[in-house]
Amino acid sequence: MARKILIIEDEQHIVDILKFNLKKEGYETLEAYDGATGLELALTGEPNLILLDVMLPQMDGYEVCRKIREEHSQVPIIMLTAREEELDKVLGLELGADDYMTKPFSIRELTARVKANLRRVTAQQEPDPGQKGQPANIIQSGDLMINAERYEAVKNGKVIDITLREFELLKFLATQPDKIFSREKLLENVWGYEYYGDVRTVDVTVRRLREKIEDDPSVPKYIITKRGIGYYFNKIEG
């Protein structure tokens, strides 16, 4: 069955270009030209991925993104923005977007990112045949438990509400404790493609994750910064 991409964009010519190229790649598309309609389709149309413009009539893309995540939907969201300001990009990531692209963008790069995000979701949904009948893949570190099969992070017995991207980053670091990864390497391994964008994406995701798993995000004990290099996971025994 073809994957379904929801395009929420108010500029007709951009929608037409995206539809043409995505259908050429074998995807189905849904289209919405304002935020309210886009939100409704996001929650009822069962899209596999959403391309979400920031500047929309009725409801802007940030609000649409926020409301989608409030419904605990983990559908990948790629935000499309004509803005260059860093704060605008960071806001989308803070609200739970998986990625962003600044207009004008190349169709080749956009389709690559669409494919990468869909591959990530497929990998999460399909169990590893080699794990069948085996105990859950559990990583325990202090009061934090990471269940790699159920895609859950549990702290003090309570499941933490984190996005799939945040979980992937946590799992990637936790499975290789004490190994330092640069932001570029994390983008390549966690985001799933050669990333030529802003490494700020990693910093924002780390900050969001720390707010959820650390007792004091300003003094983290799990995800540690190696100044000038990157990040690593500190495994706490006992």
# chains A, B, ... in the order shown; residues from 1 in each chain; ligands from 1

$ residues_around --residues "segment 80-82 of chain A" --least-positions-apart "6" --cutoff "12 Å" --atoms "only C-alpha atoms" --output "number ranges by chain"
A: 7-11, 14-15, 18, 50-56, 60-62, 65, 88-93, 97-106, 110

$ select_by_dssp --residues "segment 28-59 of chain A" --states "helix (DSSP H, G or I)" --output "VMD selection string"
chain A and resid 35 to 44

$ write_last_selection --atoms "C-alpha atoms" --output "PDB file, in the first residue's frame"
ATOM      1  CA  GLY A  35      -4.300  25.231   9.176  1.00  0.00           C
ATOM      2  CA  ALA A  36      -7.716  24.209  10.466  1.00  0.00           C
ATOM      3  CA  THR A  37      -8.389  21.857   7.558  1.00  0.00           C
ATOM      4  CA  GLY A  38      -4.856  20.545   7.784  1.00  0.00           C
ATOM      5  CA  LEU A  39      -5.265  19.716  11.469  1.00  0.00           C
ATOM      6  CA  GLU A  40      -8.501  17.873  10.773  1.00  0.00           C
ATOM      7  CA  LEU A  41      -6.884  15.787   8.026  1.00  0.00           C
ATOM      8  CA  ALA A  42      -3.833  15.143  10.197  1.00  0.00           C
ATOM      9  CA  LEU A  43      -6.028  13.644  12.908  1.00  0.00           C
ATOM     10  CA  THR A  44      -8.550  11.796  10.701  1.00  0.00           C
TER      11      THR A  44
END

$ residues_around --residues "Ile223 of chain A" --least-positions-apart "2" --cutoff "9 Å" --atoms "only C-alpha atoms" --output "list in words"
Leu170, Leu173, Ala174, Val206, Leu209, Arg210, Glu214, Pro220, Lys221, Thr225, Tyr231, Tyr232, Phe233 and Asn234 of chain A

$ write_last_selection --atoms "N, CA and C atoms" --output "PDB file, in the first residue's frame"
ATOM      1  N   LEU A 170      17.791   9.030  22.343  1.00  0.00           N
ATOM      2  CA  LEU A 170      18.093   8.448  23.650  1.00  0.00           C
ATOM      3  C   LEU A 170      18.593   7.016  23.494  1.00  0.00           C
ATOM      4  N   LEU A 173      22.195   6.798  21.904  1.00  0.00           N
ATOM      5  CA  LEU A 173      23.265   7.123  22.850  1.00  0.00           C
ATOM      6  C   LEU A 173      23.384   6.068  23.938  1.00  0.00           C
ATOM      7  N   ALA A 174      22.229   5.591  24.450  1.00  0.00           N
ATOM      8  CA  ALA A 174      22.242   4.660  25.576  1.00  0.00           C
ATOM      9  C   ALA A 174      22.800   3.293  25.208  1.00  0.00           C
ATOM     10  N   VAL A 206      18.159  17.464  22.265  1.00  0.00           N
ATOM     11  CA  VAL A 206      18.796  17.102  23.535  1.00  0.00           C
ATOM     12  C   VAL A 206      18.174  17.887  24.683  1.00  0.00           C
ATOM     13  N   LEU A 209      14.796  16.505  25.511  1.00  0.00           N
ATOM     14  CA  LEU A 209      14.937  15.202  26.151  1.00  0.00           C
ATOM     15  C   LEU A 209      15.381  15.350  27.597  1.00  0.00           C
ATOM     16  N   ARG A 210      16.324  16.232  27.833  1.00  0.00           N
ATOM     17  CA  ARG A 210      16.786  16.449  29.203  1.00  0.00           C
ATOM     18  C   ARG A 210      15.661  16.940  30.110  1.00  0.00           C
ATOM     19  N   GLU A 214      15.767  14.112  32.985  1.00  0.00           N
ATOM     20  CA  GLU A 214      16.712  14.512  34.023  1.00  0.00           C
ATOM     21  C   GLU A 214      15.987  15.102  35.231  1.00  0.00           C
ATOM     22  N   PRO A 220      22.685  17.764  34.039  1.00  0.00           N
ATOM     23  CA  PRO A 220      22.262  16.438  33.575  1.00  0.00           C
ATOM     24  C   PRO A 220      23.177  15.330  34.082  1.00  0.00           C
ATOM     25  N   LYS A 221      22.569  14.174  34.323  1.00  0.00           N
ATOM     26  CA  LYS A 221      23.349  13.010  34.745  1.00  0.00           C
ATOM     27  C   LYS A 221      23.323  11.888  33.705  1.00  0.00           C
ATOM     28  N   THR A 225      27.190  16.691  27.940  1.00  0.00           N
ATOM     29  CA  THR A 225      27.835  17.463  26.876  1.00  0.00           C
ATOM     30  C   THR A 225      29.353  17.381  27.013  1.00  0.00           C
ATOM     31  N   TYR A 231      27.947  14.880  22.374  1.00  0.00           N
ATOM     32  CA  TYR A 231      27.218  14.354  23.523  1.00  0.00           C
ATOM     33  C   TYR A 231      27.528  12.869  23.719  1.00  0.00           C
ATOM     34  N   TYR A 232      27.330  12.427  24.989  1.00  0.00           N
ATOM     35  CA  TYR A 232      27.424  10.992  25.260  1.00  0.00           C
ATOM     36  C   TYR A 232      26.459  10.628  26.381  1.00  0.00           C
ATOM     37  N   PHE A 233      26.168   9.331  26.503  1.00  0.00           N
ATOM     38  CA  PHE A 233      25.250   8.848  27.539  1.00  0.00           C
ATOM     39  C   PHE A 233      26.052   8.278  28.699  1.00  0.00           C
ATOM     40  N   ASN A 234      25.721   8.725  29.884  1.00  0.00           N
ATOM     41  CA  ASN A 234      26.364   8.259  31.103  1.00  0.00           C
ATOM     42  C   ASN A 234      25.499   7.184  31.742  1.00  0.00           C
TER      43      ASN A 234
END

$ atom_distance --atom1 "atom CA of Ile160 of chain A" --atom2 "atom CA of Val75 of chain A"
17.8 Å

$ select_by_dssp --residues "segment 11-233 of chain A" --states "strand (DSSP E or B)" --output "PyMOL selection string"
chain A and resi 28-32+49-53+77-81+99-102+138-141+144-147+152-155+158-159+181-182+223-226+230-233

$ atom_distance --atom1 "atom CA of Gly26 of chain A" --atom2 "atom CA of Glu71 of chain A"
28.4 Å
